[in-house]
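J.: Have a peek at entry_12.cif (mmCIF, C-alpha atoms).
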```cif
data_input
#
loop_
_atom_site.label_atom_id
_atom_site.label_comp_id
_atom_site.auth_asym_id
_atom_site.auth_seq_id
_atom_site.Cartn_x
_atom_site.Cartn_y
_atom_site.Cartn_z
CA MET A 1 -62.09 -12.93 -40.10
CA ASP A 2 -61.40 -10.24 -37.51
CA ARG A 3 -63.35 -6.97 -37.57
CA HIS A 4 -62.51 -5.52 -34.18
CA ILE A 5 -61.92 -1.83 -34.95
CA ARG A 6 -64.60 0.22 -33.20
CA THR A 7 -62.93 3.10 -31.35
CA VAL A 8 -60.09 5.56 -31.85
CA GLU A 9 -58.06 3.57 -29.30
CA ASP A 10 -58.60 0.42 -31.38
CA VAL A 11 -57.11 2.26 -34.38
CA LEU A 12 -54.17 3.49 -32.32
CA ARG A 13 -53.40 -0.02 -31.08
CA LEU A 14 -53.59 -1.34 -34.64
CA LEU A 15 -51.06 1.30 -35.70
CA ASP A 16 -48.83 0.35 -32.74
CA GLY A 17 -48.70 -3.14 -34.25
CA LEU A 18 -47.41 -1.89 -37.61
CA PHE A 19 -44.02 -1.29 -36.02
CA ALA A 20 -41.52 -4.10 -35.50
CA PRO A 21 -41.60 -5.36 -31.89
CA GLU A 22 -38.00 -4.26 -31.30
CA ALA A 23 -38.93 -0.71 -32.39
CA ASP A 24 -41.46 -0.32 -29.58
CA ARG A 25 -40.34 2.17 -26.95
CA TRP A 26 -43.76 3.52 -25.92
CA THR A 27 -46.06 0.68 -24.77
CA ASP A 28 -45.91 -1.62 -21.74
CA ARG A 29 -44.22 -4.18 -23.99
CA ALA A 30 -41.17 -1.88 -24.05
CA ALA A 31 -40.61 -2.02 -20.28
CA SER A 32 -38.05 -4.84 -20.56
CA TRP A 33 -36.06 -2.91 -23.20
CA TRP A 34 -35.89 0.14 -20.97
CA ASP A 35 -34.98 -2.07 -17.98
CA GLY A 36 -31.98 -3.28 -19.96
CA PHE A 37 -31.09 0.30 -20.83
CA TYR A 38 -31.15 1.42 -17.18
CA ALA A 39 -29.59 -1.74 -15.68
CA ASP A 40 -25.99 -0.49 -15.90
CA ARG A 41 -26.05 2.81 -14.03
CA SER A 42 -22.36 3.43 -14.77
CA LYS A 43 -22.91 3.81 -18.51
CA PRO A 44 -21.86 7.23 -19.87
CA VAL A 45 -25.44 8.22 -20.73
CA PRO A 46 -25.81 12.02 -20.49
CA PHE A 47 -29.14 12.02 -18.69
CA PHE A 48 -28.09 9.48 -16.05
CA VAL A 49 -26.60 12.41 -14.13
CA ALA A 50 -28.40 13.59 -11.00
CA LYS A 51 -28.99 17.07 -12.41
CA PRO A 52 -32.17 18.83 -13.58
CA ASP A 53 -32.59 20.19 -17.10
CA GLU A 54 -31.12 23.67 -17.42
CA ASN A 55 -34.27 24.98 -19.10
CA LEU A 56 -36.50 23.71 -16.28
CA ALA A 57 -34.28 25.43 -13.72
CA SER A 58 -34.35 28.58 -15.85
CA TYR A 59 -38.16 28.64 -16.01
CA LEU A 60 -38.27 28.49 -12.21
CA ASP A 61 -35.52 31.06 -11.70
CA ARG A 62 -37.30 33.52 -14.00
CA GLY A 63 -40.71 32.94 -12.45
CA LEU A 64 -42.20 31.54 -15.66
CA ILE A 65 -43.52 28.62 -13.63
CA THR A 66 -44.23 28.46 -9.89
CA PRO A 67 -44.71 25.54 -7.48
CA GLY A 68 -47.92 23.54 -7.71
CA ARG A 69 -48.86 20.04 -8.84
CA ALA A 70 -46.46 18.53 -11.39
CA LEU A 71 -46.43 15.45 -13.59
CA ASP A 72 -43.06 14.15 -14.85
CA LEU A 73 -43.61 12.00 -17.97
CA GLY A 74 -40.91 9.42 -18.65
CA CYS A 75 -39.16 10.37 -15.44
CA GLY A 76 -36.24 7.93 -15.81
CA PRO A 77 -33.98 8.11 -12.73
CA GLY A 78 -36.02 11.03 -11.42
CA ARG A 79 -33.61 13.96 -11.75
CA ASN A 80 -36.26 16.53 -12.77
CA ALA A 81 -38.86 15.14 -10.36
CA LEU A 82 -36.38 15.55 -7.50
CA HIS A 83 -35.62 19.14 -8.47
CA LEU A 84 -39.29 20.04 -8.63
CA ALA A 85 -40.01 18.37 -5.28
CA SER A 86 -37.08 20.25 -3.68
CA LEU A 87 -38.73 23.53 -4.70
CA GLY A 88 -42.12 22.73 -3.24
CA PHE A 89 -43.92 20.99 -6.10
CA GLU A 90 -46.27 18.09 -5.38
CA VAL A 91 -44.92 15.58 -7.91
CA ASP A 92 -46.27 12.52 -9.70
CA ALA A 93 -43.61 10.79 -11.82
CA VAL A 94 -44.25 7.98 -14.30
CA ASP A 95 -42.05 5.66 -16.33
CA LEU A 96 -42.50 2.38 -18.22
CA SER A 97 -39.39 0.84 -16.67
CA PRO A 98 -39.42 -0.76 -13.20
CA GLU A 99 -35.62 -0.40 -13.21
CA ALA A 100 -35.84 3.36 -13.82
CA VAL A 101 -38.55 3.82 -11.19
CA ALA A 102 -36.53 1.83 -8.63
CA TRP A 103 -33.49 4.05 -9.29
CA ALA A 104 -35.62 7.19 -9.00
CA GLU A 105 -37.16 5.96 -5.74
CA GLU A 106 -33.67 5.34 -4.32
CA ARG A 107 -32.64 8.88 -5.20
CA ALA A 108 -35.84 10.24 -3.65
CA ARG A 109 -35.24 8.34 -0.38
CA GLU A 110 -31.66 9.61 -0.21
CA ALA A 111 -32.89 13.18 -0.72
CA GLY A 112 -35.85 12.82 1.64
CA ALA A 113 -38.18 13.78 -1.20
CA ASP A 114 -41.88 12.87 -1.17
CA ILE A 115 -42.66 11.93 -4.78
CA ARG A 116 -45.40 9.60 -5.99
CA PHE A 117 -43.86 7.26 -8.55
CA HIS A 118 -46.00 5.28 -10.99
CA ARG A 119 -44.80 2.36 -13.12
CA GLY A 120 -46.68 2.04 -16.39
CA ASP A 121 -47.98 3.56 -19.59
CA ALA A 122 -49.01 7.16 -18.92
CA PHE A 123 -51.74 6.86 -21.55
CA ALA A 124 -53.33 3.94 -19.69
CA LEU A 125 -52.91 4.90 -16.02
CA GLY A 126 -56.25 6.71 -15.91
CA ASP A 127 -57.24 7.87 -12.43
CA ASP A 128 -53.68 7.42 -11.11
CA LEU A 129 -52.78 10.52 -13.16
CA ALA A 130 -56.04 12.38 -12.82
CA GLY A 131 -54.72 15.92 -12.50
CA PRO A 132 -55.24 18.74 -12.77
CA TYR A 133 -51.53 19.50 -12.96
CA ASP A 134 -50.03 22.98 -13.02
CA LEU A 135 -46.97 21.61 -14.83
CA ILE A 136 -46.29 18.68 -17.13
CA CYS A 137 -42.57 18.06 -17.51
CA ASP A 138 -41.40 15.85 -20.39
CA SER A 139 -37.66 15.44 -20.91
CA GLY A 140 -37.21 12.83 -23.62
CA CYS A 141 -40.54 11.00 -23.72
CA PHE A 142 -42.30 12.71 -26.62
CA HIS A 143 -39.63 11.98 -29.24
CA HIS A 144 -39.97 8.22 -28.63
CA LEU A 145 -43.63 8.23 -29.67
CA PRO A 146 -44.75 7.17 -33.17
CA PRO A 147 -46.80 9.76 -35.07
CA HIS A 148 -50.22 8.32 -34.19
CA ARG A 149 -49.46 8.41 -30.48
CA ARG A 150 -49.21 12.19 -30.62
CA VAL A 151 -53.01 11.93 -30.57
CA SER A 152 -52.78 10.09 -27.24
CA TYR A 153 -50.23 12.58 -25.94
CA LEU A 154 -52.35 15.61 -26.79
CA ALA A 155 -55.41 13.92 -25.28
CA LEU A 156 -53.47 13.32 -22.05
CA VAL A 157 -52.34 16.96 -21.94
CA ASP A 158 -55.90 18.12 -22.58
CA ARG A 159 -57.24 15.85 -19.83
CA VAL A 160 -54.78 16.57 -17.02
CA LEU A 161 -53.18 20.01 -17.60
CA ALA A 162 -54.92 22.73 -15.61
CA PRO A 163 -56.11 25.94 -17.30
CA GLY A 164 -53.14 28.28 -17.15
CA GLY A 165 -50.81 25.30 -16.61
CA HIS A 166 -47.55 24.73 -18.47
CA LEU A 167 -45.98 21.98 -20.56
CA ALA A 168 -42.17 21.93 -20.34
CA LEU A 169 -40.90 19.81 -23.24
CA THR A 170 -37.42 18.63 -24.20
CA CYS A 171 -37.00 16.62 -27.42
CA PHE A 172 -34.61 15.79 -30.26
CA ALA A 173 -33.79 18.72 -32.54
CA ALA A 174 -33.67 18.23 -36.31
CA GLY A 175 -30.07 18.64 -37.43
CA GLY A 176 -28.85 17.65 -33.98
CA MET A 177 -30.14 14.18 -33.19
CA GLY A 178 -33.00 11.90 -34.16
CA CYS A 179 -34.70 10.49 -37.23
CA GLU A 180 -35.82 13.05 -39.83
CA LEU A 181 -37.83 10.73 -42.12
CA PRO A 182 -41.40 11.87 -42.92
CA ASP A 183 -44.11 10.41 -40.69
CA GLU A 184 -45.53 8.14 -43.40
CA GLU A 185 -42.11 6.62 -44.13
CA LEU A 186 -41.80 5.43 -40.53
CA TYR A 187 -44.77 3.10 -41.07
CA ARG A 188 -43.29 1.78 -44.32
CA ARG A 189 -40.05 0.90 -42.51
CA SER A 190 -41.68 -0.20 -39.22
CA ARG A 191 -39.01 1.71 -37.30
CA LEU A 192 -38.55 4.93 -35.34
CA HIS A 193 -34.75 4.75 -35.72
CA GLY A 194 -34.04 5.63 -32.10
CA GLY A 195 -36.41 8.58 -31.79
CA LEU A 196 -37.90 11.35 -33.90
CA ALA A 197 -36.35 14.74 -34.58
CA TYR A 198 -38.54 17.83 -34.66
CA THR A 199 -38.30 21.32 -36.10
CA PRO A 200 -39.63 24.39 -34.28
CA GLU A 201 -42.36 24.65 -36.92
CA SER A 202 -43.53 21.09 -36.35
CA LEU A 203 -43.63 21.57 -32.57
CA ARG A 204 -45.61 24.78 -32.97
CA ARG A 205 -48.07 23.02 -35.26
CA ILE A 206 -48.50 19.99 -32.98
CA PHE A 207 -49.00 22.13 -29.87
CA SER A 208 -50.95 24.89 -31.60
CA ASP A 209 -53.72 24.77 -28.98
CA LEU A 210 -51.19 25.96 -26.40
CA GLU A 211 -49.51 29.35 -26.08
CA GLU A 212 -45.79 29.35 -26.81
CA ILE A 213 -43.79 30.96 -24.01
CA GLU A 214 -40.30 29.93 -25.16
CA LEU A 215 -38.78 27.58 -27.74
CA ARG A 216 -34.99 27.31 -28.09
CA ARG A 217 -32.04 24.95 -28.23
CA MET A 218 -30.94 23.57 -24.89
CA THR A 219 -27.79 25.20 -23.56
CA ASP A 220 -24.62 23.10 -23.73
CA GLU A 221 -23.77 22.76 -20.05
CA PRO A 222 -20.17 21.88 -19.02
CA PRO A 223 -19.53 18.85 -16.77
CA GLU A 224 -19.10 21.02 -13.67
CA SER A 225 -22.49 22.70 -14.17
CA PRO A 226 -25.25 21.87 -11.65
CA TYR A 227 -27.61 21.45 -14.62
CA PHE A 228 -28.04 19.04 -17.52
CA GLY A 229 -27.79 20.59 -20.98
CA GLU A 230 -27.16 19.14 -24.45
CA PRO A 231 -27.45 21.27 -27.62
CA PHE A 232 -28.96 18.45 -29.74
CA LEU A 233 -32.26 19.04 -27.92
CA TRP A 234 -35.07 21.55 -28.25
CA THR A 235 -36.56 22.99 -25.10
CA ALA A 236 -40.06 24.43 -25.18
CA LEU A 237 -42.42 25.93 -22.66
CA PHE A 238 -46.10 26.06 -23.63
CA ARG A 239 -49.02 27.39 -21.60
CA ARG A 240 -52.63 26.26 -21.68
CA PRO A 241 -54.99 29.24 -21.94
CA ALA A 242 -56.74 29.99 -18.65
#
```
Transcribe the structure of this file into structure tokens.

T.:
Amino acid sequence: MDRHIRTVEDVLRLLDGLFAPEADRWTDRAASWWDGFYADRSKPVPFFVAKPDENLASYLDRGLITPGRALDLGCGPGRNALHLASLGFEVDAVDLSPEAVAWAEERAREAGADIRFHRGDAFALGDDLAGPYDLICDSGCFHHLPPHRRVSYLALVDRVLAPGGHLALTCFAAGGMGCELPDEELYRRSRLHGGLAYTPESLRRIFSDLEEIELRRMTDEPPESPYFGEPFLWTALFRRPA
């Protein structure tokens, strides 16, 4: 007999285990899967390009966000972290995959960028990601989380985002890409089906403690553009009340 549930984190870990092992894209156990994903850098994956998100560049160009301390969640090969560092941000960037972090570090060395990279689970890194951060940038991390880990995500935002700070989020758009099954059905099937799609209403509900600055589809950027943009994604900028 095992009666080990005592804390909220115990419950969250139990719910993690309800998903098939191959469905896991969010815990340390998923690092090897992501390593395999990033191993072939020549694959035609849209976000392998060395370009920042068009929405992130737009927020900076319009003065909606200004340089300060930034945290890049699920940084991958580091394209957004590099852009932020080039504009004067002090950047921490985190990813589960050693392969992705190694690629990002190579890009940072080539650019002469001073970025602190962290390999691991952002929910478990503790003091390594202590904040406060003026900006949290998430391009493609949130939609790989199962429903119960939104609790962990919101707790991380609450812990490290400075008053008046911003969350810049990019995630799968319902009708464009991603799984549209109800939350409860995901547990019945033990799958996330490649990532979860969201509607504007669901994003507004989940991030209701933050002020919405902008929520729109990402612009479809042509290959010659200096920015990354795919219309199957939502982009959102939220602000924490001061």

J.: List the residues selected by the PyMOL selection byres ((chain A and resi 177) around 10) in the file shown, writing them as a tab-separated table (two decimals) with C-alpha atoms, in the coordinates of the input.

T.:
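Once everything was written out, this is expr.tsv:
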```tsv
chain	number	residue	atom	x	y	z
A	171	CYS	CA	-37.00	16.62	-27.42
A	172	PHE	CA	-34.61	15.79	-30.26
A	173	ALA	CA	-33.79	18.72	-32.54
A	174	ALA	CA	-33.67	18.23	-36.31
A	175	GLY	CA	-30.07	18.64	-37.43
A	176	GLY	CA	-28.85	17.65	-33.98
A	178	GLY	CA	-33.00	11.90	-34.16
A	179	CYS	CA	-34.70	10.49	-37.23
A	180	GLU	CA	-35.82	13.05	-39.83
A	194	GLY	CA	-34.04	5.63	-32.10
A	195	GLY	CA	-36.41	8.58	-31.79
A	196	LEU	CA	-37.90	11.35	-33.90
A	197	ALA	CA	-36.35	14.74	-34.58
A	198	TYR	CA	-38.54	17.83	-34.66
A	231	PRO	CA	-27.45	21.27	-27.62
A	232	PHE	CA	-28.96	18.45	-29.74
A	233	LEU	CA	-32.26	19.04	-27.92
```

J.: Given the file above and the PyMOL selection byres ((chain A and resi 152-158) around 9), which residues are selected, and can you give them as a ChimeraX atom specification?

T.: /A:9,12,122-123,136,142,145,148-151,159-162,167,206-207,240

J.: Under the PyMOL selection byres ((chain A and resi 25-27) around 7), which residues of this model are included? Write them out as a JSON list (two decimals) with C-alpha atoms, keeping the file's coordinate frame.

T.:
```
[["chain", "number", "residue", "atom", "x", "y", "z"],
["A", 23, "ALA", "CA", -38.93, -0.71, -32.39],
["A", 24, "ASP", "CA", -41.46, -0.32, -29.58],
["A", 28, "ASP", "CA", -45.91, -1.62, -21.74],
["A", 29, "ARG", "CA", -44.22, -4.18, -23.99],
["A", 30, "ALA", "CA", -41.17, -1.88, -24.05],
["A", 121, "ASP", "CA", -47.98, 3.56, -19.59],
["A", 144, "HIS", "CA", -39.97, 8.22, -28.63],
["A", 145, "LEU", "CA", -43.63, 8.23, -29.67]]
```

J.: Using only C-alpha atoms, determine which residues lie at most 6 Å from segment 77-87 of chain A, disregarding the query and same-chain residues fewer than 6 positions distant; provide the list as a list of chain:residue names.

T.: A:Ala50, A:Lys51, A:Pro52, A:Ala100, A:Trp103, A:Ala104

J.: Using all atoms listed in the file, which of A:Pro21, A:Gly120, A:Pro44, A:Gly68 sits nearest Ala93 of chain A?

T.: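 Using all atoms listed in the file, the shortest distance to Ala93 of chain A belongs to A:Gly120.
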